[in-house]
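Peer 1: So here's data.pdb, just PDB, C-alpha atoms:
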```pdb
ATOM      1  CA  MET A 125    -170.765  61.994  42.690
ATOM      2  CA  ASP A 126    -174.351  60.770  42.540
ATOM      3  CA  MET A 127    -174.461  57.596  40.471
ATOM      4  CA  GLY A 128    -178.227  57.160  40.865
ATOM      5  CA  LYS A 129    -179.278  53.575  40.250
ATOM      6  CA  ILE A 130    -176.883  51.178  41.993
ATOM      7  CA  ALA A 131    -176.565  47.405  41.532
ATOM      8  CA  LEU A 132    -175.328  45.281  44.430
ATOM      9  CA  VAL A 133    -173.136  42.247  43.726
ATOM     10  CA  THR A 134    -171.795  39.632  46.134
ATOM     11  CA  ASP A 135    -170.340  36.133  45.977
ATOM     12  CA  SER A 136    -171.632  32.714  46.970
ATOM     13  CA  THR A 137    -170.004  32.787  50.412
ATOM     14  CA  CYS A 138    -172.589  35.389  51.427
ATOM     15  CA  ASP A 139    -175.259  34.001  53.757
ATOM     16  CA  LEU A 140    -178.355  36.153  53.706
ATOM     17  CA  ARG A 141    -181.972  35.078  54.034
ATOM     18  CA  GLY A 142    -183.413  34.280  50.628
ATOM     19  CA  ALA A 143    -186.018  37.054  50.636
ATOM     20  CA  GLU A 144    -183.500  39.698  51.647
ATOM     21  CA  GLN A 145    -180.924  38.500  49.120
ATOM     22  CA  ALA A 146    -183.519  38.612  46.365
ATOM     23  CA  LYS A 147    -184.568  42.088  47.524
ATOM     24  CA  TYR A 148    -181.124  43.672  47.621
ATOM     25  CA  VAL A 149    -178.694  41.695  45.427
ATOM     26  CA  ALA A 150    -178.623  41.983  41.641
ATOM     27  CA  THR A 151    -176.098  39.186  41.049
ATOM     28  CA  VAL A 152    -174.369  36.487  43.122
ATOM     29  CA  VAL A 153    -171.074  35.390  41.549
ATOM     30  CA  PRO A 154    -170.276  31.771  42.485
ATOM     31  CA  LEU A 155    -166.910  30.577  43.731
ATOM     32  CA  HIS A 156    -165.475  27.414  42.199
ATOM     33  CA  VAL A 157    -165.197  24.268  44.324
ATOM     34  CA  TRP A 158    -162.901  21.379  43.398
ATOM     35  CA  SER A 159    -163.405  17.894  44.768
ATOM     36  CA  GLY A 160    -162.288  14.532  43.424
ATOM     37  CA  GLY A 161    -160.977  16.130  40.232
ATOM     38  CA  THR A 162    -164.340  17.728  39.439
ATOM     39  CA  SER A 163    -165.119  21.455  39.420
ATOM     40  CA  TYR A 164    -168.423  22.721  40.793
ATOM     41  CA  LEU A 165    -170.039  26.141  41.063
ATOM     42  CA  ASP A 166    -170.905  26.985  44.663
ATOM     43  CA  ARG A 167    -174.646  27.490  45.282
ATOM     44  CA  VAL A 168    -175.286  26.621  41.625
ATOM     45  CA  ASP A 169    -174.396  22.923  41.490
ATOM     46  CA  PHE A 170    -175.266  22.424  45.167
ATOM     47  CA  ASP A 171    -176.531  24.301  48.202
ATOM     48  CA  SER A 172    -174.888  24.482  51.657
ATOM     49  CA  ALA A 173    -176.178  21.044  52.632
ATOM     50  CA  GLY A 174    -174.851  19.628  49.371
ATOM     51  CA  PHE A 175    -171.437  21.124  50.019
ATOM     52  CA  PHE A 176    -171.123  19.430  53.404
ATOM     53  CA  LYS A 177    -172.306  16.149  51.897
ATOM     54  CA  LEU A 178    -169.562  16.512  49.275
ATOM     55  CA  PHE A 179    -167.025  17.356  51.966
ATOM     56  CA  ARG A 180    -167.881  14.287  54.056
ATOM     57  CA  ALA A 181    -167.657  12.034  51.018
ATOM     58  CA  ALA A 182    -164.267  13.396  49.910
ATOM     59  CA  GLY A 183    -161.067  11.839  51.145
ATOM     60  CA  GLN A 184    -159.569  15.291  51.431
ATOM     61  CA  ALA A 185    -160.903  18.809  51.863
ATOM     62  CA  ALA A 186    -162.770  20.298  48.945
ATOM     63  CA  GLN A 187    -160.735  23.199  47.545
ATOM     64  CA  SER A 188    -162.325  26.501  46.576
ATOM     65  CA  SER A 189    -161.064  29.157  44.186
ATOM     66  CA  GLN A 190    -162.264  32.649  43.406
ATOM     67  CA  PRO A 191    -164.213  33.563  40.270
ATOM     68  CA  SER A 192    -162.033  34.675  37.386
ATOM     69  CA  VAL A 193    -161.479  38.293  36.392
ATOM     70  CA  GLY A 194    -163.370  37.537  33.183
ATOM     71  CA  GLU A 195    -166.413  36.315  35.083
ATOM     72  CA  PHE A 196    -166.539  39.546  37.081
ATOM     73  CA  VAL A 197    -165.977  41.640  33.954
ATOM     74  CA  ASP A 198    -168.965  39.978  32.289
ATOM     75  CA  VAL A 199    -171.157  40.587  35.364
ATOM     76  CA  TYR A 200    -170.171  44.244  35.711
ATOM     77  CA  ARG A 201    -170.543  45.063  32.022
ATOM     78  CA  THR A 202    -173.970  43.443  31.914
ATOM     79  CA  LEU A 203    -175.190  45.296  34.997
ATOM     80  CA  LEU A 204    -173.896  48.657  33.764
ATOM     81  CA  GLN A 205    -176.232  48.363  30.815
ATOM     82  CA  ASP A 206    -179.134  48.853  33.240
ATOM     83  CA  TYR A 207    -177.527  50.510  36.286
ATOM     84  CA  ASP A 208    -175.451  53.638  36.769
ATOM     85  CA  SER A 209    -172.977  51.966  39.115
ATOM     86  CA  VAL A 210    -172.113  48.729  40.924
ATOM     87  CA  ILE A 211    -171.022  47.959  44.477
ATOM     88  CA  SER A 212    -169.438  44.514  44.846
ATOM     89  CA  VAL A 213    -169.154  43.119  48.413
ATOM     90  CA  HIS A 214    -167.049  40.017  49.005
ATOM     91  CA  ILE A 215    -165.504  37.471  51.356
ATOM     92  CA  SER A 216    -162.437  38.530  53.364
ATOM     93  CA  ALA A 217    -159.339  39.056  51.242
ATOM     94  CA  ARG A 218    -157.420  37.137  53.918
ATOM     95  CA  LEU A 219    -159.422  34.012  53.059
ATOM     96  CA  SER A 220    -159.916  34.255  49.303
ATOM     97  CA  GLY A 221    -158.629  36.042  46.224
ATOM     98  CA  THR A 222    -162.175  37.078  45.314
ATOM     99  CA  VAL A 223    -161.729  40.718  46.349
ATOM    100  CA  GLN A 224    -158.544  40.970  44.287
ATOM    101  CA  THR A 225    -160.084  39.542  41.120
ATOM    102  CA  ALA A 226    -163.188  41.711  41.567
ATOM    103  CA  ALA A 227    -160.969  44.789  41.941
ATOM    104  CA  MET A 228    -159.014  43.879  38.798
ATOM    105  CA  ALA A 229    -162.282  43.502  36.902
ATOM    106  CA  ALA A 230    -163.538  46.846  38.221
ATOM    107  CA  GLU A 231    -160.368  48.535  36.924
ATOM    108  CA  ALA A 232    -160.830  46.862  33.551
ATOM    109  CA  VAL A 233    -164.471  47.937  33.255
ATOM    110  CA  ASP A 234    -164.742  51.359  34.939
ATOM    111  CA  ALA A 235    -163.235  51.968  38.370
ATOM    112  CA  ALA A 236    -165.350  55.085  38.902
ATOM    113  CA  ARG A 237    -168.591  53.181  38.409
ATOM    114  CA  VAL A 238    -167.662  49.788  39.907
ATOM    115  CA  ARG A 239    -166.570  49.759  43.551
ATOM    116  CA  VAL A 240    -165.355  46.740  45.518
ATOM    117  CA  VAL A 241    -165.752  46.243  49.279
ATOM    118  CA  ASP A 242    -163.719  43.772  51.332
ATOM    119  CA  SER A 243    -166.210  42.690  54.005
ATOM    120  CA  ARG A 244    -163.319  41.168  55.983
ATOM    121  CA  LYS A 245    -165.816  38.476  56.960
ATOM    122  CA  VAL A 246    -167.383  35.274  55.645
ATOM    123  CA  SER A 247    -170.863  33.751  55.612
ATOM    124  CA  VAL A 248    -173.346  35.718  57.738
ATOM    125  CA  GLY A 249    -170.740  38.431  58.212
ATOM    126  CA  VAL A 250    -170.675  39.086  54.459
ATOM    127  CA  GLY A 251    -174.460  38.997  54.530
ATOM    128  CA  LEU A 252    -174.676  41.731  57.155
ATOM    129  CA  VAL A 253    -172.433  44.027  55.121
ATOM    130  CA  VAL A 254    -174.476  43.280  51.994
ATOM    131  CA  GLN A 255    -177.708  43.963  53.877
ATOM    132  CA  ALA A 256    -176.413  47.313  55.154
ATOM    133  CA  ALA A 257    -175.429  48.339  51.624
ATOM    134  CA  GLY A 258    -178.746  47.119  50.241
ATOM    135  CA  GLU A 259    -180.719  49.119  52.782
ATOM    136  CA  ALA A 260    -178.688  52.219  51.940
ATOM    137  CA  ILE A 261    -179.412  51.765  48.220
ATOM    138  CA  ALA A 262    -183.122  51.249  48.956
ATOM    139  CA  ALA A 263    -183.097  54.463  51.015
ATOM    140  CA  GLY A 264    -181.813  56.398  48.008
ATOM    141  CA  LYS A 265    -178.227  56.900  49.174
ATOM    142  CA  THR A 266    -175.645  57.921  46.597
ATOM    143  CA  LEU A 267    -172.767  55.707  45.520
ATOM    144  CA  GLU A 268    -170.337  57.396  47.908
ATOM    145  CA  GLU A 269    -172.820  57.336  50.773
ATOM    146  CA  THR A 270    -173.562  53.650  50.208
ATOM    147  CA  MET A 271    -169.846  52.839  50.090
ATOM    148  CA  ALA A 272    -169.421  54.610  53.440
ATOM    149  CA  VAL A 273    -172.274  52.562  54.916
ATOM    150  CA  ALA A 274    -170.770  49.308  53.627
ATOM    151  CA  GLU A 275    -167.291  50.131  54.946
ATOM    152  CA  LEU A 276    -168.714  51.063  58.349
ATOM    153  CA  ALA A 277    -170.678  47.811  58.471
ATOM    154  CA  ALA A 278    -167.491  45.883  57.641
ATOM    155  CA  ASP A 279    -165.681  47.692  60.458
ATOM    156  CA  GLN A 280    -168.394  47.126  63.029
ATOM    157  CA  THR A 281    -169.443  43.556  62.229
ATOM    158  CA  ARG A 282    -167.909  40.744  64.266
ATOM    159  CA  VAL A 283    -168.201  37.035  63.488
ATOM    160  CA  TYR A 284    -167.803  34.544  66.335
ATOM    161  CA  SER A 285    -168.164  30.798  65.950
ATOM    162  CA  ALA A 286    -167.688  27.482  67.739
ATOM    163  CA  LEU A 287    -166.358  24.508  65.779
ATOM    164  CA  PRO A 288    -168.164  21.212  66.423
ATOM    165  CA  SER A 289    -165.051  19.314  65.288
ATOM    166  CA  LEU A 290    -161.618  19.771  63.736
ATOM    167  CA  ASP A 291    -162.371  17.592  60.705
ATOM    168  CA  VAL A 292    -162.200  20.526  58.283
ATOM    169  CA  ALA A 293    -158.928  21.725  59.825
ATOM    170  CA  VAL A 294    -157.397  18.265  59.447
ATOM    171  CA  LYS A 295    -158.480  17.832  55.825
ATOM    172  CA  GLY A 296    -157.241  21.333  55.050
ATOM    173  CA  GLY A 297    -153.864  20.642  56.659
ATOM    174  CA  ARG A 298    -154.355  23.269  59.391
ATOM    175  CA  THR A 299    -153.988  20.848  62.300
ATOM    176  CA  SER A 300    -152.846  17.282  62.853
ATOM    177  CA  ALA A 301    -155.033  14.209  63.059
ATOM    178  CA  ASN A 302    -153.626  13.480  66.527
ATOM    179  CA  THR A 303    -154.632  16.927  67.804
ATOM    180  CA  ALA A 304    -158.118  16.518  66.356
ATOM    181  CA  ARG A 305    -158.425  13.029  67.829
ATOM    182  CA  PHE A 306    -157.435  14.244  71.287
ATOM    183  CA  ALA A 307    -159.830  17.206  71.073
ATOM    184  CA  GLY A 308    -162.583  14.802  70.060
ATOM    185  CA  LEU A 309    -161.903  12.446  72.966
ATOM    186  CA  ILE A 310    -162.274  15.195  75.563
ATOM    187  CA  LYS A 311    -164.982  17.017  73.553
ATOM    188  CA  LEU A 312    -162.888  20.179  73.288
ATOM    189  CA  LYS A 313    -164.565  22.684  70.948
ATOM    190  CA  PRO A 314    -162.488  25.601  69.637
ATOM    191  CA  LEU A 315    -163.855  29.133  69.441
ATOM    192  CA  ILE A 316    -162.877  31.382  66.537
ATOM    193  CA  VAL A 317    -163.312  35.049  65.669
ATOM    194  CA  PHE A 318    -162.521  37.195  62.640
ATOM    195  CA  ASP A 319    -160.111  39.994  63.516
ATOM    196  CA  ASN A 320    -160.290  43.527  62.070
ATOM    197  CA  GLU A 321    -158.111  42.496  59.139
ATOM    198  CA  GLY A 322    -160.421  39.633  58.184
ATOM    199  CA  ALA A 323    -158.182  36.802  59.397
ATOM    200  CA  VAL A 324    -159.449  33.902  61.517
ATOM    201  CA  GLN A 325    -158.081  33.814  65.060
ATOM    202  CA  THR A 326    -158.591  31.234  67.792
ATOM    203  CA  ASP A 327    -160.491  32.604  70.765
ATOM    204  CA  GLY A 328    -160.172  29.880  73.356
ATOM    205  CA  ALA A 329    -162.072  26.598  73.641
ATOM    206  CA  ARG A 330    -164.737  24.951  75.768
ATOM    207  CA  LEU A 331    -165.430  21.390  76.849
ATOM    208  CA  GLY A 332    -168.623  20.404  75.075
ATOM    209  CA  TYR A 333    -170.383  22.036  72.148
ATOM    210  CA  SER A 334    -173.215  23.470  74.229
ATOM    211  CA  ARG A 335    -170.696  25.287  76.448
ATOM    212  CA  ALA A 336    -168.891  26.522  73.353
ATOM    213  CA  LEU A 337    -172.139  27.920  71.942
ATOM    214  CA  ARG A 338    -172.867  29.657  75.246
ATOM    215  CA  ALA A 339    -169.401  31.220  75.098
ATOM    216  CA  VAL A 340    -170.159  32.505  71.593
ATOM    217  CA  ALA A 341    -173.455  33.973  72.817
ATOM    218  CA  GLU A 342    -171.632  35.688  75.690
ATOM    219  CA  ARG A 343    -169.099  37.225  73.304
ATOM    220  CA  VAL A 344    -171.859  38.474  71.028
ATOM    221  CA  ALA A 345    -173.704  39.995  73.995
ATOM    222  CA  ASP A 346    -170.525  41.672  75.241
ATOM    223  CA  TYR A 347    -169.800  43.144  71.807
ATOM    224  CA  ALA A 348    -173.383  44.317  71.303
TER     225      ALA A 348
END
```
Here is the file; what I need is its structure written in the form of structure tokens.
Peer 2:
Amino acid sequence: MDMGKIALVTDSTCDLRGAEQAKYVATVVPLHVWSGGTSYLDRVDFDSAGFFKLFRAAGQAAQSSQPSVGEFVDVYRTLLQDYDSVISVHISARLSGTVQTAAMAAEAVDAARVRVVDSRKVSVGVGLVVQAAGEAIAAGKTLEETMAVAELAADQTRVYSALPSLDVAVKGGRTSANTARFAGLIKLKPLIVFDNEGAVQTDGARLGYSRALRAVAERVADYA
């Protein structure tokens, strides 16, 4: 099935350089962020720097929630007035309900014309899948061909990271304050990786952030 003109949608967890995002993405649907009893729209009410400023000021971790089904329905219906089809690429379903709500909206609008991709990544990882899909659309690929490109990019992309501290893990209840304090005293920096299912896994640790970053670089080089 050749759907011709294709719109690309993603969410606000996608990190892609501004020029490339503007080139490829028709709409970015923001996640909701709750902090101190107030709801914000990610990348609308603040940028990445603003989010971390909010996080540091909060006594507990800021909580995020996926866009509603209705928000996705509105986006898809609007885009289908000008496009033949939509491909919607989102943050890992293991980390957010965004993929699920997008899929529900696609079913409500037109499942044949609106397709949803679980990037199984976050941040730059989502961006790489979005970029691959955008390049396929720009090259004149069909809907099915572009979906195949996006799924392959999701399969082949790996995200490695080193955490400078465990502050986020403590505020989110994922580790204890004592563990974080001890790690801070000896400058132990955890390494993480996204597995093939889109879940975050620990991948060792290094003493000192510079050593941790070198370990990340080594893993990237090995994978490449």
Peer 1: Using 3 Å of padding on each side, determine the axis-aligned box around all atoms of region 242-247 of chain A present in the file and give its centre and edge lengths in Å to one decimal, as JSON.
Peer 2:
```
{"center_x": -167.1, "center_y": 38.8, "center_z": 54.1, "size_x": 13.5, "size_y": 16.0, "size_z": 11.6}
```
Peer 1: For Ile215 (chain A), which residue among A:Val168, A:Leu312, A:Val246, A:Val233 is the nearest when counting only C-alpha atoms?
Peer 2: A:Val246
Peer 1: Name the residues that the PyMOL selection byres ((chain A and resi 270-286) around 8) picks from the file above, as a VMD selection string, using the file's chain letters and numbers.
Peer 2: chain A and resid 211 239 241 to 245 248 to 249 252 to 254 256 to 257 260 to 261 265 to 269 287 to 288 313 to 320 333 336 to 337 340 343 to 344
Peer 1: Any idea what's packed within 7 Å of region 186-200 of chain A, counting all atoms listed in the file, ignoring anything in its chain fewer than 5 positions away? Could you give it as an MDAnalysis selection string?
Peer 2: chainID A and resid 154:159 179 220:222 225:226 228:229 233
Peer 1: To one decimal place, how far is CA of Val324 (chain A) from CA of Ala217 (chain A) in Å?
Peer 2: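 Calculated distance between CA of Val324 (chain A) and CA of Ala217 (chain A) is 11.5 Å.
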